[in-house]
Each structure stands twice: as structure tokens, then as C-alpha cells.
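Comments concern the structure below.
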Amino acid sequence: GVFRGVSDCIRGTLLIPPMPGRHYVMGVDLARLRDYSVMVVMDQQARHVVYVERFNKISWELQMHKIVQIAKRYNARVCMDSTGLGDPIVERLQFSGVSIEPYKLTGTVAKQQLIDKLRVNIEEQNISYPENPFTLPMLDELRSYEYTFTEGGKIQYSSPRNKHDDTVIALALANWVVDTIPNTAYHMRYMRGV
């Protein structure tokens, strides 16, 4: 397996609603029919997963509505796979007022960097997540995720045959931006007499 120490990062059993004064990031991996779309929200300061939602076989419109709803509920910066169909969806979500950071998963290097950062943060217990029915698919995917070597000797990450990796990718996308500085919003105030 790729990820060592998956069980060592389990902290508690509850998903946590948004709390005032906290910053959140959200990783989103999109799919529609065979695979799952997944949203993983992390508390940026605690580096702890506070929300997971996994769904499939619903329209793109409903998926975008769910992403906007959760991103606004947590006031989260969203890191989203913008490969293929993800690109126009990212663009539409940006117009809805959600802070989006697109990540192109094209090519082996981009995926390897994403997974390597998650692998290191799990091994060093820099992130954590609860264990409950919502996170069980994520824990199963993390435990079964594997790697192979290409003919050129490069590492290639993937889920086992007939399994999914959607929650791994969503968690990896949230992990990718969890240690970046959040954008600070500037507010203008009118002052008389100055």
C-alpha cells in the first residue's frame, strides 16, 4: 500500500459543523456515473477532516449546487480537480462566489505530487480524520491504495482494479491547500471628513 499509518491519524468519531473564527479548505473530486463525486472539508488550523460527502448518479447541476452549499456553509476555499469536465465546472463555480483553486490531474507528475504530499502527512500524522460511516469509504480507499512502476521506472498511483479512489483524491486536494495562507478579504469603509 501507499499510505502507512492510516489508523494512527484517526481522531474521534464525529464530523464537526462550521465554527466561527475557523478557516476551512475543501477538496472536490468530480464524477457522475460509475465513480463518485466526493467533498472533503478540513479545518485548516487543526488539519482535521470535519465533513465528508460522497455521491453519484446525480446531475452536474445538482452536484454544483451541493458544492456551493457546503463551500459557503464552511466558508471554505475549494481545491478541485479541473481535468476534463472539471474545467467548465470550476469556471461556473467561480461565478457563484466560491473561492476555487483548480488542480489539473493530467500527467503522472501532478498526481504523484498530490499523493506524495498526502502520504507524507499521513505518515507523520500531520492530518487527522474521524472514523464513522461517512469516512469509512475514505479509510478503506486509503488502506487499499497502491502503486506500480511504469516501463520507464516511474511510480504510478491508483486504486485496485474494480475499486474507487475518489475519496483519496478529494482528501489529497484538501491536503494540498491546507497549509497555504487563506486569502484575506479587504473591506472598504467610507469615512467622512478625511
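Identifiers in the C-alpha cells: chain A, B, ... in order shown; residue index from 1 per chain; ligand index from 1 in order shown.
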Within 7 Å of Val38 in chain A, counting only C-alpha atoms, which residues qualify if same-chain residues fewer than 3 places away don't, as a PyMOL selection string?
-> chain A and resi 28-30+53-55+166-167+170
Those selected residues, please, written with all heavy atoms and delivered as a CSV table (one decimal), in the first residue's frame.
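Dumped everything to result.csv:
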```
chain,number,residue,atom,x,y,z
A,28,VAL,N,-12.4,18.6,-3.8
A,28,VAL,CA,-13.5,18.0,-4.5
A,28,VAL,C,-13.0,17.2,-5.7
A,28,VAL,O,-12.2,17.7,-6.5
A,28,VAL,CB,-14.5,19.2,-5.1
A,28,VAL,CG1,-15.6,18.6,-5.9
A,28,VAL,CG2,-15.0,20.0,-3.9
A,29,ASP,N,-13.5,16.0,-5.8
A,29,ASP,CA,-13.2,15.1,-6.9
A,29,ASP,C,-14.5,14.8,-7.6
A,29,ASP,O,-15.5,14.4,-6.9
A,29,ASP,CB,-12.5,13.8,-6.5
A,29,ASP,CG,-12.1,13.0,-7.7
A,29,ASP,OD1,-11.6,13.6,-8.7
A,29,ASP,OD2,-12.2,11.7,-7.6
A,30,LEU,N,-14.6,15.2,-8.9
A,30,LEU,CA,-15.9,15.0,-9.6
A,30,LEU,C,-16.0,13.7,-10.4
A,30,LEU,O,-15.1,13.2,-10.9
A,30,LEU,CB,-16.0,16.2,-10.6
A,30,LEU,CG,-16.2,17.6,-10.0
A,30,LEU,CD1,-16.2,18.6,-11.2
A,30,LEU,CD2,-17.6,17.7,-9.3
A,53,GLU,N,-18.7,14.1,2.1
A,53,GLU,CA,-19.9,13.7,1.4
A,53,GLU,C,-19.5,13.0,0.1
A,53,GLU,O,-18.7,13.5,-0.6
A,53,GLU,CB,-20.8,14.9,1.1
A,53,GLU,CG,-22.2,14.4,0.6
A,53,GLU,CD,-23.2,15.5,0.5
A,53,GLU,OE1,-23.0,16.6,1.1
A,53,GLU,OE2,-24.3,15.3,-0.1
A,54,ARG,N,-20.2,11.9,-0.2
A,54,ARG,CA,-19.8,11.1,-1.4
A,54,ARG,C,-21.2,10.7,-2.0
A,54,ARG,O,-22.1,10.2,-1.4
A,54,ARG,CB,-19.1,9.8,-0.8
A,54,ARG,CG,-18.7,8.8,-1.8
A,54,ARG,CD,-18.0,7.7,-1.1
A,54,ARG,NE,-17.4,6.7,-2.0
A,54,ARG,CZ,-17.9,5.5,-2.1
A,54,ARG,NH1,-18.9,5.1,-1.3
A,54,ARG,NH2,-17.3,4.6,-2.9
A,55,PHE,N,-21.2,11.0,-3.4
A,55,PHE,CA,-22.5,10.7,-4.1
A,55,PHE,C,-22.2,10.4,-5.5
A,55,PHE,O,-21.1,10.8,-6.0
A,55,PHE,CB,-23.5,11.9,-3.9
A,55,PHE,CG,-22.8,13.2,-4.2
A,55,PHE,CD1,-22.7,13.7,-5.5
A,55,PHE,CD2,-22.3,14.0,-3.1
A,55,PHE,CE1,-22.1,14.9,-5.7
A,55,PHE,CE2,-21.7,15.2,-3.4
A,55,PHE,CZ,-21.6,15.7,-4.7
A,166,ASP,N,-11.9,7.9,-5.3
A,166,ASP,CA,-12.4,9.3,-5.3
A,166,ASP,C,-12.2,10.0,-3.9
A,166,ASP,O,-11.9,11.2,-3.9
A,166,ASP,CB,-13.9,9.2,-5.6
A,166,ASP,CG,-14.2,8.4,-6.8
A,166,ASP,OD1,-13.6,8.7,-7.9
A,166,ASP,OD2,-14.9,7.4,-6.7
A,167,THR,N,-12.4,9.3,-2.8
A,167,THR,CA,-12.2,10.0,-1.5
A,167,THR,C,-10.7,10.3,-1.3
A,167,THR,O,-10.4,11.3,-0.6
A,167,THR,CB,-12.8,9.2,-0.4
A,167,THR,OG1,-12.2,7.9,-0.3
A,167,THR,CG2,-14.3,9.1,-0.5
A,170,ALA,N,-10.1,13.5,-3.2
A,170,ALA,CA,-10.7,14.6,-2.6
A,170,ALA,C,-9.9,15.0,-1.3
A,170,ALA,O,-9.6,16.2,-1.0
A,170,ALA,CB,-12.1,14.4,-2.2
```
Phe3 in chain A surroundings by only C-alpha atoms, 12 Å radius, close-in-sequence under 6 positions cut, as a PyMOL selection string | chain A and resi 9+115-125+139-147+157-159+168+172
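Taking CA of Arg34 in chain A and CA of Val6 in chain A as endpoints, the distance between them is 25.9 Å.
Backbone DSSP assigns helix (DSSP H, G or I) in range 94-157 of chain A to Gln94, Phe95, Gly107, Thr108, Val109, Ala110, Lys111, Gln112, Gln113, Leu114, Ile115, Asp116, Lys117, Leu118, Arg119, Val120, Asn121, Ile122, Glu123, Leu136, Pro137, Met138, Leu139, Asp140, Glu141, Leu142, Arg143 and Ser144 of chain A.
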Take the residues from that selection and put them in a file with N, CA, C and O atoms, as a short mmCIF file (atom, residue, chain, number, x, y, z; two decimals), in the first residue's frame.
```
data_model
loop_
_atom_site.label_atom_id
_atom_site.label_comp_id
_atom_site.auth_asym_id
_atom_site.auth_seq_id
_atom_site.Cartn_x
_atom_site.Cartn_y
_atom_site.Cartn_z
N GLN A 94 -16.75 29.40 -9.91
CA GLN A 94 -16.11 30.68 -9.61
C GLN A 94 -17.11 31.83 -9.72
O GLN A 94 -17.07 32.77 -8.94
N PHE A 95 -18.01 31.75 -10.69
CA PHE A 95 -19.03 32.78 -10.86
C PHE A 95 -20.08 32.74 -9.76
O PHE A 95 -20.82 33.69 -9.57
N GLY A 107 -1.31 13.96 -16.37
CA GLY A 107 0.08 13.54 -16.28
C GLY A 107 0.39 12.88 -14.96
O GLY A 107 -0.26 13.10 -13.95
N THR A 108 1.41 12.07 -14.97
CA THR A 108 1.81 11.31 -13.79
C THR A 108 2.38 12.19 -12.71
O THR A 108 2.16 11.97 -11.52
N VAL A 109 3.10 13.23 -13.07
CA VAL A 109 3.80 14.08 -12.09
C VAL A 109 2.82 14.81 -11.19
O VAL A 109 2.98 14.85 -9.97
N ALA A 110 1.77 15.39 -11.77
CA ALA A 110 0.79 16.14 -10.96
C ALA A 110 0.12 15.24 -9.93
O ALA A 110 -0.02 15.61 -8.77
N LYS A 111 -0.26 14.05 -10.34
CA LYS A 111 -0.90 13.13 -9.41
C LYS A 111 0.10 12.63 -8.38
O LYS A 111 -0.22 12.51 -7.20
N GLN A 112 1.33 12.37 -8.81
CA GLN A 112 2.35 11.89 -7.88
C GLN A 112 2.64 12.93 -6.80
O GLN A 112 2.75 12.58 -5.62
N GLN A 113 2.74 14.20 -7.17
CA GLN A 113 2.99 15.25 -6.18
C GLN A 113 1.83 15.33 -5.18
O GLN A 113 2.05 15.47 -3.98
N LEU A 114 0.62 15.24 -5.68
CA LEU A 114 -0.58 15.31 -4.84
C LEU A 114 -0.60 14.15 -3.84
O LEU A 114 -0.79 14.36 -2.64
N ILE A 115 -0.38 12.94 -4.33
CA ILE A 115 -0.43 11.75 -3.47
C ILE A 115 0.77 11.71 -2.53
O ILE A 115 0.64 11.34 -1.36
N ASP A 116 1.94 12.09 -3.00
CA ASP A 116 3.13 12.09 -2.14
C ASP A 116 2.96 13.02 -0.94
O ASP A 116 3.34 12.68 0.18
N LYS A 117 2.38 14.19 -1.17
CA LYS A 117 2.17 15.11 -0.05
C LYS A 117 1.19 14.52 0.96
O LYS A 117 1.41 14.61 2.17
N LEU A 118 0.14 13.88 0.48
CA LEU A 118 -0.81 13.23 1.39
C LEU A 118 -0.15 12.07 2.13
O LEU A 118 -0.32 11.91 3.34
N ARG A 119 0.65 11.28 1.41
CA ARG A 119 1.34 10.14 2.02
C ARG A 119 2.23 10.60 3.18
O ARG A 119 2.19 10.04 4.28
N VAL A 120 3.00 11.65 2.95
CA VAL A 120 3.90 12.16 3.99
C VAL A 120 3.10 12.69 5.18
O VAL A 120 3.43 12.40 6.34
N ASN A 121 2.04 13.44 4.92
CA ASN A 121 1.25 14.00 6.03
C ASN A 121 0.53 12.93 6.84
O ASN A 121 0.32 13.10 8.03
N ILE A 122 0.16 11.81 6.19
CA ILE A 122 -0.43 10.71 6.96
C ILE A 122 0.65 10.00 7.76
O ILE A 122 0.46 9.74 8.96
N GLU A 123 1.78 9.69 7.15
CA GLU A 123 2.85 9.01 7.87
C GLU A 123 3.35 9.81 9.06
O GLU A 123 3.68 9.25 10.11
N LEU A 136 -15.78 5.90 6.41
CA LEU A 136 -15.33 4.52 6.17
C LEU A 136 -14.89 4.28 4.73
O LEU A 136 -13.86 3.63 4.51
N PRO A 137 -15.63 4.77 3.70
CA PRO A 137 -15.12 4.59 2.34
C PRO A 137 -13.74 5.22 2.14
O PRO A 137 -12.88 4.64 1.46
N MET A 138 -13.49 6.38 2.76
CA MET A 138 -12.20 7.04 2.64
C MET A 138 -11.12 6.19 3.30
O MET A 138 -10.04 5.98 2.73
N LEU A 139 -11.39 5.67 4.48
CA LEU A 139 -10.40 4.85 5.18
C LEU A 139 -10.11 3.57 4.39
O LEU A 139 -8.95 3.16 4.28
N ASP A 140 -11.15 2.95 3.84
CA ASP A 140 -10.95 1.74 3.02
C ASP A 140 -10.11 2.04 1.78
O ASP A 140 -9.20 1.27 1.43
N GLU A 141 -10.41 3.17 1.11
CA GLU A 141 -9.64 3.54 -0.08
C GLU A 141 -8.19 3.85 0.26
O GLU A 141 -7.27 3.47 -0.47
N LEU A 142 -7.96 4.55 1.38
CA LEU A 142 -6.58 4.84 1.79
C LEU A 142 -5.80 3.56 2.05
O LEU A 142 -4.64 3.43 1.66
N ARG A 143 -6.45 2.60 2.72
CA ARG A 143 -5.76 1.35 3.07
C ARG A 143 -5.47 0.48 1.85
O ARG A 143 -4.50 -0.28 1.85
N SER A 144 -6.29 0.57 0.81
CA SER A 144 -6.10 -0.30 -0.35
C SER A 144 -5.38 0.38 -1.52
O SER A 144 -5.05 -0.28 -2.51
#
```
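When only C-alpha atoms are used to measure the gap to Gly21 in chain A, the shortest distance among A:Gln156, A:Gln45, A:Thr180, A:Gln63 belongs to A:Gln45.
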In Å to one decimal, how far is CA of Met26 in chain A from CA of Ser96 in chain A?
-> 15.8 Å
Between CA of Ala174 in chain A and CA of Ile67 in chain A, distance in Å (one decimal) | 13.6 Å
Using only C-alpha atoms, which residues sit within 8 Å of Leu93 in chain A once same-chain residues fewer than 5 positions away are excluded, as a ChimeraX atom specification?
-> /A:64,68,98,100
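Distances to Ile89 in chain A were evaluated for A:Phe149, A:Ser128, A:Pro133, A:Ala31 using only C-alpha atoms, and the minimum falls at A:Ala31.
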Hey, what's within 8 Å of Thr13 in chain A if we count only C-alpha atoms and toss same-chain stuff fewer than 3 positions away? As a list of chain:residue names, please?
-> A:Pro130, A:Glu131, A:Asn132
Shortest contact to Val41 in chain A, candidates A:Leu173, A:Thr106, A:Glu61, A:Pro20, atoms counted only C-alpha atoms, goes to A:Leu173
